[in-house]
Amino acid sequence: MNRLVISGDLIQVDPLRYSPAGVPIAEAVIHHRSSQAVATQTREVECELTVQASGSLATRLAQQNTGTQVKLEGVLNRRSVNSRQLILILNRIEKE
């Protein structure tokens with residue numbers, strides 16, 4: 001199974017762009033910070049993750065302001081065929 005739900009602040013929102021087929025695409029970066037229970041101990045976790053949306057979801061993502069708190073849901077994938085960098089492909093976005 002490949003499903004990720006993450007909440008945090010949008011720290012970067014790129015302008016809307018279009019694929020060669022005319023599909024809207026947007027990218028952003030989310031910053032997550034929380035306390036998590038790991039092996040019976042509390043651990044502070046922090047990360048930044050690039051997210052990408054297409055279609056109507058891309059339009060919604062591109063309209064968000066930097067600093068907006070969001071909850072995102074999607075799947076992890078490689079940024080490109082030859083890349084090892086992960087990117088979150090969005091299926092859902094909610095303001096928190």
# chains A, B, ... in the order shown; residues from 1 in each chain; ligands from 1
>>> select_by_dssp(residues="region 55-86 of chain A", states="helix (DSSP H, G or I)", output="list of chain:residue names")
A:Ser56, A:Leu57, A:Ala58, A:Thr59, A:Arg60, A:Leu61, A:Ala62
>>> residues_around(residues="region 57-62 of chain A", least_positions_apart="4", cutoff="8 Å", atoms="only C-alpha atoms", output="PyMOL selection string")
chain A and resi 13-16+24-28+52-53+90-93
>>> residues_around(residues="region 48-51 of chain A", least_positions_apart="2", cutoff="6 Å", atoms="only C-alpha atoms", output="list in words")
Glu27, Ala28, Val29, Ile30, His31, Ile87, Leu88 and Ile89 of chain A
>>> select_by_dssp(residues="chain A", states="strand (DSSP E or B)", output="VMD selection string")
chain A and resid 4 to 13 17 to 18 24 to 38 41 to 54 69 to 78 86 to 95
>>> closest_atom_pairs(of="region 4-50 of chain A", to="region 63-81 of chain A", cutoff="8 Å", atoms="only C-alpha atoms", output="JSON lines")
{"residue": "A:Leu4", "atom": "CA", "partner": "A:Gly74", "partner_atom": "CA", "distance": 5.5}
{"residue": "A:Val5", "atom": "CA", "partner": "A:Glu73", "partner_atom": "CA", "distance": 4.4}
{"residue": "A:Ile6", "atom": "CA", "partner": "A:Leu72", "partner_atom": "CA", "distance": 5.4}
{"residue": "A:Ser7", "atom": "CA", "partner": "A:Lys71", "partner_atom": "CA", "distance": 4.2}
{"residue": "A:Gly8", "atom": "CA", "partner": "A:Gln69", "partner_atom": "CA", "distance": 5.5}
{"residue": "A:Asp9", "atom": "CA", "partner": "A:Gln69", "partner_atom": "CA", "distance": 4.4}
{"residue": "A:Leu10", "atom": "CA", "partner": "A:Gly67", "partner_atom": "CA", "distance": 5.2}
{"residue": "A:Ile11", "atom": "CA", "partner": "A:Thr66", "partner_atom": "CA", "distance": 5.2}
{"residue": "A:Gln12", "atom": "CA", "partner": "A:Thr66", "partner_atom": "CA", "distance": 5.7}
{"residue": "A:Val13", "atom": "CA", "partner": "A:Thr66", "partner_atom": "CA", "distance": 6.3}
>>> atom_distance(atom1="CA of His32 (chain A)", atom2="CA of Glu96 (chain A)")
13.0 Å
>>> atom_distance(atom1="CA of Ser19 (chain A)", atom2="CA of Ser56 (chain A)")
13.4 Å
